[in-house]
Structure formats: C-alpha cells, structure tokens
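Peer 1: Okay, here's the structure, questions in a sec.
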Amino acid sequence: MINSSQEVEQEILNIHNTFKKIRTELSRAIVGQDTVIEKLLIALFARGHCMLVGVPGLAKTLIIKSLGQTLGLSFSRIQFTPDLMPTDITGSEVLEEDRSTGTKAFRFIKGPLFANIVLADEINRTPPKTQSALLEAMQEYNVTISGTAFDLERPFFVLATQNPIEQEGTYPLPEAQLDRFMFSLWLDYPSFEEEIEIVERTTSREIPQLESCIERADILKYQEIIRKVPVARNTIEYATRMISATRKESSYCDDTLRGWIRWGAGPRATQNLILASKVRAVLHNRLSPDSSDVDAVAEAILRHRIVTTFNAEAEGVGIREILSHILEKIKD
C-alpha cells in the first residue's frame, strides 16, 4: 500500500528505471522499433491488448517473444488458420481411465491461451467463432469449458497480428471487436542504417538469450499503481474533446471531419487515452500525464476505431491527417 507522496514518487521512479532496463535489454535482440516497444509496455501496464499490423519479416514475433523473456513471463504463440477451432486455443476436456481402479473421469487440458503473453499470429485467418473465443478470454480473463470457468493467470497480455497485404480468404475483425484492443500498432520498414545492422546481427551470430528485468509480482503491482496515478481535470477534458471530435453529432466535429469520418470512436477510446497517458507519464518519470501524453498515444488508439468515408479514402486521408485536423481544432 502506498501511504505517502514520497512512496508514490519512489514507486514511479522504480517503474521508470525498470522501463529503461527493459529497453536496454531488448536492444540486444531488437534493432529499432523503439516506439512500438514503448507502446507494448504501455498496454501491458495498463492491462490492455495490442493489434500489430505489418508486412511479413518485420520481426513482430521476435519482438513479442523477446519481450516475454525480459519480463520473465510465459509465452505462447498461436498460428491462426481457417480450420482452427475454439477448443484448439482454450483447451478441452478428455476422458481418462484410472488403470488401478477402472474409474473414468474428465480432465481439462489447458490450451495455448494459458500463458501470460499470447501471440495470436494472423488472427484474421481464422473464422469468427475462434476469434470470439480469444476476444472473450481477453475481456473476461477466463475460459469456459462444459460450463466450468477456468481463470487465466495474470498478467494476461494478447498481441494479435494481421498481414495487411493478403486479404483473400481472411475473416477481418469487425470494428466492434477491434475496439477490444487498446492499440493498433503499425510496424514500418526499418531505416537504411537499421536494416544494415539487422543483416549484420542476424547473419553473423545467434540472437542472444535475454535476461529477465522484472518479476511477475512487480508487473501486477505496477498495474495497480498506474490506476492510482492522478489525472488533472483539464487533461481528461482534452482527451474527451479529442474523441468527441470524431463523432458527427458533436459540436467539436466540423464539416471537414464529417466528410472524412463515417463512424467515430466510443467511450472505450477515451478510457484508453487516459490509461495509456498515465502509463506513458510514469514510464518517463512524471507523476501525472498532460496533453502531450494524450497526443503521443492517440494515433495508436484511434487507428482501428475510426471508420472513414469513401471521400476520405479517395482523397488519401488516413488517421494521421484526421488526427492532425482534430488537434488543430481542439487546441484553438
């Protein structure tokens, strides 16, 4: 229990120092992608989940697996395919016979969801029934088999990937289900110098085994601390104006935005803006977030929550242009 401002400051400093250690350790295996790594840690400490979008070969799996090593958490990778069934990921009951007594009983065998960090690789390649089983686990932190609920160990952190260049034979997640993810992160190609370093590292030596920088119990404690970080009223109002500007009926939405946005973001986006802003402030050793923290996480939070119009697509207007227009408007 945190009882004084000095203890609060010390705990925040501990989180900040741990964040720096994790970044340093990850740099031994990962070249670049600093922004993506920071947002993954923000989502973890905020108890959120992430969608990663990027073409093949950008080290999505390596980033997530390396993150699990530095956090000292169990890691599971699920390759989503069209024939994957819900029980393939949640687990199932099997009938076993006791040879000594001859009695038979059902025993639950846990599926790959029973891990702290779960990589759902190419989630859009599996049918909606299996997607829903994953999304239910993300929301409820348990799975139900034959009427019995089995709790998932905390922290439970899901990172789902999508390949943006092959859509034939896929089952894209509806916007309502995408809303369950705190962030949608776009992985860009590395810079010229970064790619040279990647090639040198991966063709001359093995990827190093990373050391754990934090205990599971500390992650759970940090998640609790984040919830207690205070947020000024004006910062909450700023985040609310930003989200309100994506809704056509709002006074903060002008004619330009109405021409670009078909559906805006819901209240979960505002909640995630504040939670993510809290974590970002703490990771950078600040006691409370401000509007700069909200701006820093807004794109990843809104990318998958705004449905654009045909006019926006025809004009080449994406989330960055929309967010830029919103920021100009709400800061006037």
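Ligands are numbered from 1 in the order shown, residues from 1 within each chain, and chains are lettered A, B, ... in the order they appear in the structure tokens.
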Could you give me, as an MDAnalysis selection string, the residues within 7 Å of Val118 of chain A, counting only C-alpha atoms and dropping anything in the same chain fewer than 6 positions from it?

Peer 2: chainID A and resid 75:77 157:159

Peer 1: Quick one: residues within 10 Å of Ser288 of chain A, only C-alpha atoms, excluding same-chain residues fewer than 3 positions away - as a ChimeraX atom specification?

Peer 2: /A:229-232,235,277-282,285,293

Peer 1: Using DSSP on the backbone coordinates, identify the residues of segment 33-71 of chain A assigned to strand (DSSP E or B); present them as a list in words.

Peer 2: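 Residues meeting the strand (DSSP E or B) criterion: Cys50, Met51, Leu52 and Val53 of chain A.
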
Peer 1: Restrict the selected residues to N, CA and C atoms and save them as a compact mmCIF listing (two decimals), in the first residue's frame.

Peer 2:
# COMPACT_ATOMS: atom_id res chain seq x y z
N CYS A 50 -2.93 -5.52 -27.67
CA CYS A 50 -2.45 -4.83 -28.86
C CYS A 50 -2.71 -5.61 -30.14
N MET A 51 -3.02 -4.87 -31.19
CA MET A 51 -3.06 -5.40 -32.54
C MET A 51 -1.83 -4.87 -33.28
N LEU A 52 -1.04 -5.77 -33.88
CA LEU A 52 0.15 -5.36 -34.63
C LEU A 52 -0.10 -5.62 -36.12
N VAL A 53 0.07 -4.60 -36.91
CA VAL A 53 -0.15 -4.70 -38.34
C VAL A 53 1.15 -4.37 -39.07

Peer 1: Contacts of Lys60 of chain A at 12 Å or less, counting only C-alpha atoms, minus same-chain residues fewer than 3 places along, as a short mmCIF file (atom, residue, chain, number, x, y, z; two decimals) with N, CA and C atoms, in the first residue's frame?

Peer 2:
data_model
loop_
_atom_site.label_atom_id
_atom_site.label_comp_id
_atom_site.auth_asym_id
_atom_site.auth_seq_id
_atom_site.Cartn_x
_atom_site.Cartn_y
_atom_site.Cartn_z
N ILE A 30 16.68 -6.60 -30.58
CA ILE A 30 15.81 -5.87 -31.50
C ILE A 30 16.50 -4.58 -31.95
N VAL A 31 16.51 -4.36 -33.25
CA VAL A 31 17.07 -3.13 -33.80
C VAL A 31 15.91 -2.19 -34.12
N GLN A 33 12.48 0.03 -33.75
CA GLN A 33 11.12 -0.24 -33.24
C GLN A 33 10.93 0.27 -31.82
N VAL A 36 7.25 1.22 -31.03
CA VAL A 36 6.40 0.04 -30.88
C VAL A 36 6.63 -0.61 -29.52
N ILE A 37 7.88 -0.76 -29.13
CA ILE A 37 8.21 -1.39 -27.84
C ILE A 37 7.64 -0.58 -26.68
N LEU A 40 3.93 -1.21 -26.51
CA LEU A 40 3.64 -2.55 -25.98
C LEU A 40 3.71 -2.55 -24.46
N CYS A 50 -2.93 -5.52 -27.67
CA CYS A 50 -2.45 -4.83 -28.86
C CYS A 50 -2.71 -5.61 -30.14
N MET A 51 -3.02 -4.87 -31.19
CA MET A 51 -3.06 -5.40 -32.54
C MET A 51 -1.83 -4.87 -33.28
N LEU A 52 -1.04 -5.77 -33.88
CA LEU A 52 0.15 -5.36 -34.63
C LEU A 52 -0.10 -5.62 -36.12
N VAL A 53 0.07 -4.60 -36.91
CA VAL A 53 -0.15 -4.70 -38.34
C VAL A 53 1.15 -4.37 -39.07
N GLY A 54 1.55 -5.25 -39.95
CA GLY A 54 2.79 -5.02 -40.70
C GLY A 54 3.05 -6.16 -41.66
N VAL A 55 3.79 -5.87 -42.70
CA VAL A 55 4.11 -6.89 -43.69
C VAL A 55 5.03 -7.94 -43.06
N PRO A 56 5.11 -9.13 -43.65
CA PRO A 56 5.98 -10.18 -43.09
C PRO A 56 7.45 -9.75 -43.04
N GLY A 57 8.16 -10.26 -42.05
CA GLY A 57 9.60 -10.04 -41.96
C GLY A 57 10.01 -8.83 -41.15
N ILE A 63 9.93 -9.57 -31.59
CA ILE A 63 9.70 -8.51 -30.60
C ILE A 63 8.89 -9.06 -29.43
N ILE A 64 7.83 -9.77 -29.74
CA ILE A 64 6.92 -10.25 -28.69
C ILE A 64 7.59 -11.33 -27.85
N LYS A 65 8.29 -12.25 -28.51
CA LYS A 65 8.98 -13.31 -27.77
C LYS A 65 10.08 -12.73 -26.89
N SER A 66 10.82 -11.77 -27.42
CA SER A 66 11.89 -11.12 -26.64
C SER A 66 11.31 -10.36 -25.46
N LEU A 67 10.16 -9.73 -25.67
CA LEU A 67 9.51 -9.01 -24.58
C LEU A 67 9.15 -9.97 -23.45
N ARG A 77 2.59 -18.95 -28.63
CA ARG A 77 2.31 -18.46 -29.99
C ARG A 77 1.26 -19.36 -30.62
N LEU A 119 0.70 -14.62 -28.37
CA LEU A 119 0.81 -14.07 -29.71
C LEU A 119 -0.21 -14.78 -30.61
N ALA A 120 -1.24 -14.05 -31.01
CA ALA A 120 -2.25 -14.59 -31.92
C ALA A 120 -1.85 -14.19 -33.34
N ASP A 121 -1.09 -15.06 -33.98
CA ASP A 121 -0.49 -14.74 -35.28
C ASP A 121 -1.52 -14.85 -36.40
N GLU A 122 -1.68 -13.76 -37.16
CA GLU A 122 -2.62 -13.67 -38.28
C GLU A 122 -4.04 -14.06 -37.84
N LEU A 159 -1.37 -10.20 -27.95
CA LEU A 159 -0.88 -9.42 -29.07
C LEU A 159 -1.25 -10.16 -30.35
N ALA A 160 -2.15 -9.57 -31.10
CA ALA A 160 -2.63 -10.20 -32.33
C ALA A 160 -2.00 -9.51 -33.53
N THR A 161 -1.64 -10.29 -34.54
CA THR A 161 -1.05 -9.71 -35.74
C THR A 161 -1.97 -9.91 -36.93
N GLN A 162 -1.87 -8.98 -37.86
CA GLN A 162 -2.58 -9.07 -39.13
C GLN A 162 -1.62 -8.72 -40.26
N ASN A 163 -1.74 -9.44 -41.36
CA ASN A 163 -0.95 -9.16 -42.55
C ASN A 163 -1.80 -8.28 -43.47
N LEU A 185 -1.00 -1.07 -33.67
CA LEU A 185 0.35 -0.58 -33.94
C LEU A 185 0.76 -0.96 -35.35
N TRP A 186 1.23 0.03 -36.08
CA TRP A 186 1.71 -0.20 -37.44
C TRP A 186 3.23 -0.29 -37.40
N LEU A 187 3.76 -1.41 -37.89
CA LEU A 187 5.21 -1.60 -37.92
C LEU A 187 5.73 -1.17 -39.29
N ASP A 188 6.59 -0.14 -39.29
CA ASP A 188 7.17 0.38 -40.53
C ASP A 188 8.44 -0.40 -40.88
N TYR A 189 8.86 -0.24 -42.13
CA TYR A 189 10.14 -0.80 -42.55
C TYR A 189 11.26 -0.11 -41.78
#

Peer 1: Each residue of segment 143-235 of chain A lying at most 8 Å from segment 294-302 of chain A should get a row with its shortest atom-to-atom pair and the distance in Å to one decimal, counting only C-alpha atoms; could you produce that, ordered by chain and increasing number, as JSON lines?

Peer 2:
{"residue": "A:Met182", "atom": "CA", "partner": "A:Ile301", "partner_atom": "CA", "distance": 6.1}
{"residue": "A:Phe183", "atom": "CA", "partner": "A:Ile301", "partner_atom": "CA", "distance": 4.9}
{"residue": "A:Ser184", "atom": "CA", "partner": "A:Ala300", "partner_atom": "CA", "distance": 5.1}
{"residue": "A:Leu185", "atom": "CA", "partner": "A:Ala300", "partner_atom": "CA", "distance": 5.8}

Peer 1: Generate the output file for the selected residues, C-alpha atoms, as a PDB file, in the first residue's frame.

Peer 2:
ATOM      1  CA  MET A 182      -6.132  -0.799 -26.693  1.00  0.00           C
ATOM      2  CA  PHE A 183      -3.638  -0.123 -29.505  1.00  0.00           C
ATOM      3  CA  SER A 184      -3.372  -0.863 -33.188  1.00  0.00           C
ATOM      4  CA  LEU A 185       0.352  -0.580 -33.941  1.00  0.00           C
TER       5      LEU A 185
END

Peer 1: Pick out the closest residue to Gly72 of chain A from this set: A:Gln139, A:Ser212, A:Ser191, A:Thr126. Count only C-alpha atoms.

Peer 2: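 Smallest separation from Gly72 of chain A among the options: A:Ser212.
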
Peer 1: From the options A:Arg227, A:Gln69, A:Thr148, A:Pro155, which residue's atoms come nearest to Phe108 of chain A, counting only C-alpha atoms?

Peer 2: A:Thr148

Peer 1: If you count only C-alpha atoms, which residues fall within 10 Å of segment 2-17 of chain A, apart from same-chain ones fewer than 6 positions away, as a PyMOL selection string?

Peer 2: chain A and resi 23+45+214+218-219+221-222+225-226+228-229+279-287

Peer 1: For the residues in the current selection, export C-alpha atoms as a tab-separated table (two decimals), in the first residue's frame.

Peer 2:
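So result23.tsv came out as:
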chain	number	residue	atom	x	y	z
A	23	ARG	CA	14.57	-1.16	-23.28
A	45	PHE	CA	0.99	-1.91	-17.60
A	214	ILE	CA	11.25	-7.72	-13.67
A	218	ASP	CA	6.11	-6.49	-9.73
A	219	ILE	CA	4.19	-6.23	-13.03
A	221	LYS	CA	1.93	-4.24	-8.55
A	222	TYR	CA	2.82	-1.70	-11.23
A	225	ILE	CA	-0.03	1.73	-9.15
A	226	ILE	CA	-0.95	3.03	-12.60
A	228	LYS	CA	-3.83	5.33	-8.70
A	229	VAL	CA	-1.92	7.91	-10.75
A	279	VAL	CA	1.48	4.84	-18.10
A	280	ARG	CA	3.46	6.97	-20.54
A	281	ALA	CA	3.90	9.69	-17.92
A	282	VAL	CA	5.09	7.16	-15.33
A	283	LEU	CA	7.48	5.46	-17.76
A	284	HIS	CA	9.07	8.88	-18.31
A	285	ASN	CA	9.25	9.52	-14.55
A	286	ARG	CA	6.40	12.02	-14.26
A	287	LEU	CA	3.75	11.97	-11.54

Peer 1: Using DSSP secondary structure from the backbone, list all alpha helix (DSSP H) positions within segment 47-229 of chain A, as a PyMOL selection string.

Peer 2: chain A and resi 60-71+86-90+128-140+175-178+192-204+216-228

Peer 1: If we count only C-alpha atoms, what is near Pro127 of chain A at a cut-off of 9 Å, once residues fewer than 5 positions away on the same chain are taken out, given as a PyMOL selection string?

Peer 2: chain A and resi 81-85+132+170-171
